[in-house]
$ cat data-v1.pdb   # PDB, C-alpha atoms and all ligand atoms
ATOM      1  CA  MET A  68     -54.916  43.932 -22.310
ATOM      2  CA  LYS A  69     -55.957  40.330 -23.097
ATOM      3  CA  ARG A  70     -53.759  38.510 -25.618
ATOM      4  CA  ILE A  71     -54.795  35.729 -28.032
ATOM      5  CA  ALA A  72     -52.583  33.403 -30.058
ATOM      6  CA  LEU A  73     -54.207  31.714 -33.070
ATOM      7  CA  PHE A  74     -53.035  28.368 -34.496
ATOM      8  CA  ALA A  75     -54.077  27.442 -38.048
ATOM      9  CA  SER A  76     -52.900  24.928 -40.647
ATOM     10  CA  GLY A  77     -54.897  25.975 -43.663
ATOM     11  CA  SER A  78     -56.819  28.811 -45.269
ATOM     12  CA  GLY A  79     -57.346  30.739 -42.027
ATOM     13  CA  SER A  80     -60.815  32.174 -42.714
ATOM     14  CA  ASN A  81     -61.759  31.642 -39.056
ATOM     15  CA  ALA A  82     -58.526  33.236 -37.888
ATOM     16  CA  GLU A  83     -59.308  36.242 -40.083
ATOM     17  CA  LYS A  84     -62.876  36.536 -38.780
ATOM     18  CA  ILE A  85     -61.593  36.475 -35.207
ATOM     19  CA  ALA A  86     -58.944  39.098 -35.987
ATOM     20  CA  GLU A  87     -61.549  41.314 -37.684
ATOM     21  CA  TYR A  88     -63.938  40.911 -34.737
ATOM     22  CA  PHE A  89     -61.344  42.128 -32.246
ATOM     23  CA  ALA A  90     -59.948  44.852 -34.507
ATOM     24  CA  ASP A  91     -62.228  47.434 -32.840
ATOM     25  CA  ARG A  92     -61.768  46.026 -29.327
ATOM     26  CA  PRO A  93     -58.520  47.705 -28.187
ATOM     27  CA  GLU A  94     -58.502  45.752 -24.920
ATOM     28  CA  VAL A  95     -57.906  42.527 -26.870
ATOM     29  CA  GLU A  96     -54.904  41.806 -29.074
ATOM     30  CA  ILE A  97     -54.336  38.999 -31.567
ATOM     31  CA  SER A  98     -50.650  38.818 -30.687
ATOM     32  CA  LEU A  99     -49.508  36.013 -32.927
ATOM     33  CA  ILE A 100     -50.623  33.557 -35.583
ATOM     34  CA  LEU A 101     -48.783  30.245 -35.545
ATOM     35  CA  THR A 102     -48.833  27.602 -38.272
ATOM     36  CA  ASN A 103     -47.242  24.244 -39.001
ATOM     37  CA  ASN A 104     -47.740  24.736 -42.738
ATOM     38  CA  PRO A 105     -45.401  27.094 -44.638
ATOM     39  CA  LYS A 106     -47.936  27.118 -47.498
ATOM     40  CA  ALA A 107     -50.959  27.911 -45.325
ATOM     41  CA  GLY A 108     -53.301  30.592 -46.648
ATOM     42  CA  VAL A 109     -53.439  31.981 -43.120
ATOM     43  CA  ILE A 110     -49.918  33.402 -43.607
ATOM     44  CA  GLU A 111     -51.103  35.794 -46.326
ATOM     45  CA  ARG A 112     -54.149  36.715 -44.263
ATOM     46  CA  ALA A 113     -51.909  37.494 -41.256
ATOM     47  CA  ARG A 114     -49.683  39.671 -43.454
ATOM     48  CA  ARG A 115     -52.698  41.658 -44.620
ATOM     49  CA  LEU A 116     -53.910  41.929 -41.011
ATOM     50  CA  HIS A 117     -50.424  43.007 -39.787
ATOM     51  CA  ILE A 118     -50.299  40.125 -37.299
ATOM     52  CA  PRO A 119     -46.919  38.449 -36.654
ATOM     53  CA  VAL A 120     -46.672  34.872 -37.909
ATOM     54  CA  LEU A 121     -44.551  31.978 -36.672
ATOM     55  CA  VAL A 122     -44.113  28.911 -38.906
ATOM     56  CA  PHE A 123     -42.862  25.873 -37.006
ATOM     57  CA  ASP A 124     -42.038  22.233 -37.797
ATOM     58  CA  ARG A 125     -42.647  18.948 -35.984
ATOM     59  CA  THR A 126     -39.251  18.993 -34.238
ATOM     60  CA  THR A 127     -39.993  22.395 -32.726
ATOM     61  CA  PHE A 128     -43.594  21.578 -31.871
ATOM     62  CA  TYR A 129     -43.087  18.113 -30.391
ATOM     63  CA  GLY A 130     -39.394  18.084 -29.573
ATOM     64  CA  SER A 131     -38.979  21.356 -27.704
ATOM     65  CA  GLU A 132     -40.784  23.693 -25.335
ATOM     66  CA  ARG A 133     -39.998  26.623 -27.633
ATOM     67  CA  ILE A 134     -43.637  27.295 -28.477
ATOM     68  CA  VAL A 135     -44.792  27.114 -24.842
ATOM     69  CA  ARG A 136     -41.960  29.435 -23.814
ATOM     70  CA  LEU A 137     -42.824  31.882 -26.599
ATOM     71  CA  LEU A 138     -46.537  31.955 -25.681
ATOM     72  CA  ARG A 139     -45.632  32.526 -22.031
ATOM     73  CA  LYS A 140     -43.123  35.258 -22.947
ATOM     74  CA  GLN A 141     -45.818  36.990 -25.048
ATOM     75  CA  GLU A 142     -48.177  36.718 -22.040
ATOM     76  CA  ILE A 143     -50.826  34.931 -24.111
ATOM     77  CA  ASP A 144     -54.088  34.567 -22.172
ATOM     78  CA  LEU A 145     -55.987  32.340 -24.601
ATOM     79  CA  VAL A 146     -54.843  29.967 -27.336
ATOM     80  CA  VAL A 147     -57.360  29.460 -30.158
ATOM     81  CA  LEU A 148     -57.063  26.572 -32.631
ATOM     82  CA  ALA A 149     -58.713  27.783 -35.818
ATOM     83  CA  GLY A 150     -58.270  24.851 -38.157
ATOM     84  CA  PHE A 151     -55.086  23.399 -36.701
ATOM     85  CA  MET A 152     -54.441  19.813 -37.777
ATOM     86  CA  TRP A 153     -51.862  18.496 -35.326
ATOM     87  CA  LEU A 154     -52.527  16.958 -31.908
ATOM     88  CA  ILE A 155     -51.476  19.395 -29.179
ATOM     89  CA  PRO A 156     -48.535  18.095 -27.116
ATOM     90  CA  GLU A 157     -49.203  17.558 -23.419
ATOM     91  CA  ALA A 158     -46.802  20.309 -22.302
ATOM     92  CA  LEU A 159     -48.781  22.850 -24.305
ATOM     93  CA  VAL A 160     -52.176  21.564 -23.118
ATOM     94  CA  ARG A 161     -50.946  21.681 -19.507
ATOM     95  CA  ALA A 162     -49.613  25.218 -19.971
ATOM     96  CA  PHE A 163     -53.109  26.483 -20.920
ATOM     97  CA  PRO A 164     -55.698  24.621 -18.815
ATOM     98  CA  ASN A 165     -59.164  25.837 -19.887
ATOM     99  CA  ARG A 166     -57.321  28.453 -21.879
ATOM    100  CA  MET A 167     -57.177  26.667 -25.224
ATOM    101  CA  LEU A 168     -60.181  26.467 -27.570
ATOM    102  CA  ASN A 169     -60.770  24.402 -30.697
ATOM    103  CA  ILE A 170     -63.550  24.491 -33.250
ATOM    104  CA  HIS A 171     -64.810  21.312 -34.863
ATOM    105  CA  PRO A 172     -67.069  21.427 -37.960
ATOM    106  CA  ALA A 173     -69.613  18.919 -36.631
ATOM    107  CA  LEU A 174     -71.786  18.169 -33.589
ATOM    108  CA  LEU A 175     -69.345  16.277 -31.325
ATOM    109  CA  PRO A 176     -69.096  13.644 -29.992
ATOM    110  CA  LYS A 177     -70.263  12.381 -33.393
ATOM    111  CA  TYR A 178     -67.916  12.801 -36.361
ATOM    112  CA  GLY A 179     -64.873  13.627 -34.257
ATOM    113  CA  GLY A 180     -61.504  12.112 -33.452
ATOM    114  CA  LYS A 181     -58.364  11.360 -35.410
ATOM    115  CA  GLY A 182     -58.728  11.767 -39.162
ATOM    116  CA  MET A 183     -62.108  13.471 -38.894
ATOM    117  CA  TYR A 184     -61.375  16.875 -40.332
ATOM    118  CA  GLY A 185     -62.430  19.002 -43.303
ATOM    119  CA  HIS A 186     -64.301  17.189 -46.078
ATOM    120  CA  PHE A 187     -63.980  13.817 -44.284
ATOM    121  CA  VAL A 188     -66.358  15.133 -41.629
ATOM    122  CA  HIS A 189     -68.924  16.446 -44.106
ATOM    123  CA  GLU A 190     -68.729  13.285 -46.242
ATOM    124  CA  ALA A 191     -69.438  11.148 -43.157
ATOM    125  CA  VAL A 192     -72.389  13.374 -42.184
ATOM    126  CA  VAL A 193     -73.879  13.157 -45.693
ATOM    127  CA  SER A 194     -73.371   9.402 -46.042
ATOM    128  CA  ALA A 195     -75.020   8.907 -42.625
ATOM    129  CA  GLY A 196     -78.047  10.815 -43.934
ATOM    130  CA  GLU A 197     -77.996  13.266 -41.040
ATOM    131  CA  ALA A 198     -80.801  15.846 -40.962
ATOM    132  CA  GLU A 199     -78.481  18.405 -39.391
ATOM    133  CA  SER A 200     -74.839  19.276 -38.847
ATOM    134  CA  GLY A 201     -73.192  22.151 -37.026
ATOM    135  CA  ILE A 202     -70.182  23.294 -35.028
ATOM    136  CA  THR A 203     -68.667  22.450 -31.677
ATOM    137  CA  ILE A 204     -66.321  24.788 -29.805
ATOM    138  CA  HIS A 205     -64.529  23.059 -26.950
ATOM    139  CA  PHE A 206     -61.604  23.290 -24.589
ATOM    140  CA  VAL A 207     -58.612  21.251 -25.710
ATOM    141  CA  ASN A 208     -57.134  18.298 -23.861
ATOM    142  CA  GLU A 209     -54.618  15.624 -24.853
ATOM    143  CA  ARG A 210     -57.071  13.669 -27.030
ATOM    144  CA  TYR A 211     -58.586  14.839 -30.339
ATOM    145  CA  ASP A 212     -61.893  16.649 -29.935
ATOM    146  CA  GLU A 213     -62.599  15.394 -26.400
ATOM    147  CA  GLY A 214     -62.317  18.524 -24.238
ATOM    148  CA  ALA A 215     -65.281  20.115 -22.440
ATOM    149  CA  VAL A 216     -67.811  21.582 -24.873
ATOM    150  CA  VAL A 217     -68.227  25.365 -24.607
ATOM    151  CA  PHE A 218     -70.717  25.922 -27.440
ATOM    152  CA  GLN A 219     -72.637  23.998 -30.077
ATOM    153  CA  THR A 220     -75.105  25.108 -32.702
ATOM    154  CA  ALA A 221     -76.723  23.220 -35.575
ATOM    155  CA  CYS A 222     -77.885  23.858 -39.124
ATOM    156  CA  PRO A 223     -80.559  21.843 -40.952
ATOM    157  CA  LEU A 224     -79.470  19.769 -43.954
ATOM    158  CA  ASP A 225     -81.457  18.951 -47.075
ATOM    159  CA  PRO A 226     -81.374  15.373 -48.424
ATOM    160  CA  THR A 227     -79.865  16.786 -51.629
ATOM    161  CA  ASP A 228     -76.977  18.485 -49.802
ATOM    162  CA  THR A 229     -73.505  17.473 -50.958
ATOM    163  CA  PRO A 230     -70.500  17.506 -48.569
ATOM    164  CA  GLU A 231     -69.595  20.867 -50.142
ATOM    165  CA  ASP A 232     -73.072  22.210 -49.330
ATOM    166  CA  VAL A 233     -72.654  21.040 -45.732
ATOM    167  CA  ALA A 234     -69.206  22.623 -45.521
ATOM    168  CA  ARG A 235     -70.679  25.933 -46.698
ATOM    169  CA  LYS A 236     -73.535  25.812 -44.171
ATOM    170  CA  VAL A 237     -71.143  24.896 -41.357
ATOM    171  CA  GLN A 238     -68.687  27.631 -42.296
ATOM    172  CA  VAL A 239     -71.463  30.222 -41.992
ATOM    173  CA  LEU A 240     -71.939  29.085 -38.379
ATOM    174  CA  GLU A 241     -68.175  29.112 -37.703
ATOM    175  CA  HIS A 242     -67.742  32.673 -38.915
ATOM    176  CA  ARG A 243     -70.905  33.823 -37.144
ATOM    177  CA  TYR A 244     -70.226  32.314 -33.689
ATOM    178  CA  PHE A 245     -66.525  31.531 -33.164
ATOM    179  CA  PRO A 246     -65.424  35.167 -32.551
ATOM    180  CA  GLU A 247     -68.215  35.758 -30.034
ATOM    181  CA  ILE A 248     -67.479  32.546 -28.139
ATOM    182  CA  VAL A 249     -63.770  33.410 -28.030
ATOM    183  CA  GLU A 250     -64.733  36.776 -26.502
ATOM    184  CA  LYS A 251     -67.083  35.090 -23.994
ATOM    185  CA  VAL A 252     -64.347  32.694 -22.816
ATOM    186  CA  LEU A 253     -61.806  35.527 -22.727
ATOM    187  CA  ASN A 254     -64.105  37.579 -20.489
ATOM    188  CA  GLN A 255     -64.551  34.627 -18.117
ATOM    189  CA  LEU A 256     -60.808  34.097 -17.601
ATOM    190  CA  LYS A 257     -59.698  34.800 -14.054
TER     191      LYS A 257
HETATM  192  C1  LIG B 301     -62.899  24.787 -40.121
HETATM  193  O1  LIG B 301     -63.870  23.983 -40.778
HETATM  194  C2  LIG B 301     -62.828  24.415 -38.670
HETATM  195  O2  LIG B 301     -64.059  23.987 -38.126
HETATM  196  C3  LIG B 301     -61.868  23.261 -38.698
HETATM  197  O3  LIG B 301     -60.897  23.599 -39.667
HETATM  198  C4  LIG B 301     -61.500  24.465 -40.627
HETATM  199  C5  LIG B 301     -60.639  25.691 -40.745
HETATM  200  O4  LIG B 301     -61.071  26.484 -41.801
HETATM  201  N1  LIG B 301     -61.257  23.032 -37.412
HETATM  202  P1  LIG B 301     -60.297  27.891 -42.044
HETATM  203  O5  LIG B 301     -58.839  27.569 -42.281
HETATM  204  O6  LIG B 301     -60.491  28.729 -40.813
HETATM  205  O7  LIG B 301     -60.969  28.494 -43.251
END

$ encode --input "data-v1.pdb" --output "structure tokens"
Amino acid sequence: MKRIALFASGSGSNAEKIAEYFADRPEVEISLILTNNPKAGVIERARRLHIPVLVFDRTTFYGSERIVRLLRKQEIDLVVLAGFMWLIPEALVRAFPNRMLNIHPALLPKYGGKGMYGHFVHEAVVSAGEAESGITIHFVNERYDEGAVVFQTACPLDPTDTPEDVARKVQVLEHRYFPEIVEKVLNQLK
């Protein structure tokens, strides 16, 4: 059995797509969904998907090793950040070397780093007049969006595209590719 823990701060559509993808793969389990946001939409999705949820605060996340201990106790093989907004503390990064993935809604290294998330990313892409955007799936290290890139794919943009149009096009790529890339990385784990 391979076990995945998903971290999300918001709606959780990617978390849901990943859970749905593995629903008919009995050798893989989405063991836990963790969130820093008690109002996150991902909580309702997890309830519907019958996946346990843990809501934590800053003190727990940055001031204790509770989360690392819990992930170890649950024998988590791969941590997946599916729209998680906080920087990962070093102890957690070190506990999952090349075993923690993040998805960024742009073609890193452009449009990445602190503060570049959600509509800020798509607004920057539109105001730069980019002809394309896309997604980047990468391993996580101590700095925002700077881990080794595992997968990137692009989508063409029209000059009339609004940031909302870009977000929609990018989300199609996220939902299409993230589950498969998670499976690919899972299968490559020693
Ligand atoms: C996605 O755009 C993802 O690329 C980014 O956060 C967003 C999460 O969306 N990291 P959702 O909560 O999965 O719908």

$ closest_residue --input "data-v1.pdb" --among "A:Gly79, A:Gly182, A:Pro226, A:Pro172" --to "A:Ile202" --atoms "all atoms listed in the file"
A:Pro172

$ closest_residue --input "data-v1.pdb" --among "A:Glu157, A:Asp232, A:Glu83, A:Asp225" --to "A:Gly130" --atoms "only C-alpha atoms"
A:Glu157

$ closest_residue --input "data-v1.pdb" --among "A:Asp124, A:Asp228, A:Glu111, A:Glu96" --to "A:Glu142" --atoms "all atoms listed in the file"
A:Glu96

$ resolve_selection --input "data-v1.pdb" --expression "the PyMOL selection byres (((chain A and resi 168) around 9) and not hetatm)" --output "ChimeraX atom specification"
/A:145-149,165-167,169-170,204-207,214,217,249,252

$ residues_near_ligand --input "data-v1.pdb" --ligand "ligand LIG 301 (chain B)" --cutoff "8 Å" --atoms "all atoms listed in the file" --output "number ranges by chain"
A: 75-83, 108-109, 148-152, 169-173, 184-185, 202, 234, 237-238, 241

$ closest_residue --input "data-v1.pdb" --among "A:Leu138, A:Leu116, A:Ile248, A:Ile85" --to "A:Thr220" --atoms "only C-alpha atoms"
A:Ile248

$ closest_residue --input "data-v1.pdb" --among "A:Arg133, A:His242, A:Lys84, A:Lys181" --to "A:Tyr211" --atoms "only C-alpha atoms"
A:Lys181

$ atom_distance --input "data-v1.pdb" --atom1 "atom CA of A:Pro176" --atom2 "atom CA of A:Glu209"
15.5 Å

$ axis_aligned_box --input "data-v1.pdb" --around "stretch 209-217 of chain A" --padding-each-side "6 Å" --output "AutoDock Vina command-line options"
--center_x -61.4 --center_y 19.5 --center_z -26.4 --size_x 25.6 --size_y 23.7 --size_z 19.9

$ atom_distance --input "data-v1.pdb" --atom1 "atom CA of A:Pro93" --atom2 "atom CA of A:Pro164"
25.1 Å

$ closest_residue --input "data-v1.pdb" --among "A:Pro105, A:Lys236, A:Ile100, A:Asp144" --to "A:Pro119" --atoms "all atoms listed in the file"
A:Ile100

$ atom_distance --input "data-v1.pdb" --atom1 "atom CA of A:Lys251" --atom2 "atom CA of A:Leu99"
19.7 Å

$ resolve_selection --input "data-v1.pdb" --expression "the PyMOL selection byres (((chain A and resi 189) around 9) and not hetatm)" --output "list in words"
Pro172, Ala173, Tyr178, Tyr184, Gly185, His186, Phe187, Val188, Glu190, Ala191, Val192, Val193, Ser194, Ser200, Thr229, Pro230, Glu231, Asp232, Val233 and Ala234 of chain A

$ write_last_selection --input "data-v1.pdb" --atoms "C-alpha atoms" --output "short mmCIF file (atom, residue, chain, number, x, y, z; two decimals), in the coordinates of the input"
data_model
loop_
_atom_site.label_atom_id
_atom_site.label_comp_id
_atom_site.auth_asym_id
_atom_site.auth_seq_id
_atom_site.Cartn_x
_atom_site.Cartn_y
_atom_site.Cartn_z
CA PRO A 172 -67.07 21.43 -37.96
CA ALA A 173 -69.61 18.92 -36.63
CA TYR A 178 -67.92 12.80 -36.36
CA TYR A 184 -61.38 16.88 -40.33
CA GLY A 185 -62.43 19.00 -43.30
CA HIS A 186 -64.30 17.19 -46.08
CA PHE A 187 -63.98 13.82 -44.28
CA VAL A 188 -66.36 15.13 -41.63
CA GLU A 190 -68.73 13.28 -46.24
CA ALA A 191 -69.44 11.15 -43.16
CA VAL A 192 -72.39 13.37 -42.18
CA VAL A 193 -73.88 13.16 -45.69
CA SER A 194 -73.37 9.40 -46.04
CA SER A 200 -74.84 19.28 -38.85
CA THR A 229 -73.50 17.47 -50.96
CA PRO A 230 -70.50 17.51 -48.57
CA GLU A 231 -69.60 20.87 -50.14
CA ASP A 232 -73.07 22.21 -49.33
CA VAL A 233 -72.65 21.04 -45.73
CA ALA A 234 -69.21 22.62 -45.52
#

$ resolve_selection --input "data-v1.pdb" --expression "the PyMOL selection byres (((chain A and resi 156) around 10) and not hetatm)" --output "ChimeraX atom specification"
/A:128-130,132,153-155,157-161,208-210

$ residues_around --input "data-v1.pdb" --residues "A:Thr127" --least-positions-apart "5" --cutoff "12 Å" --atoms "all atoms listed in the file" --output "count of residues only"
11
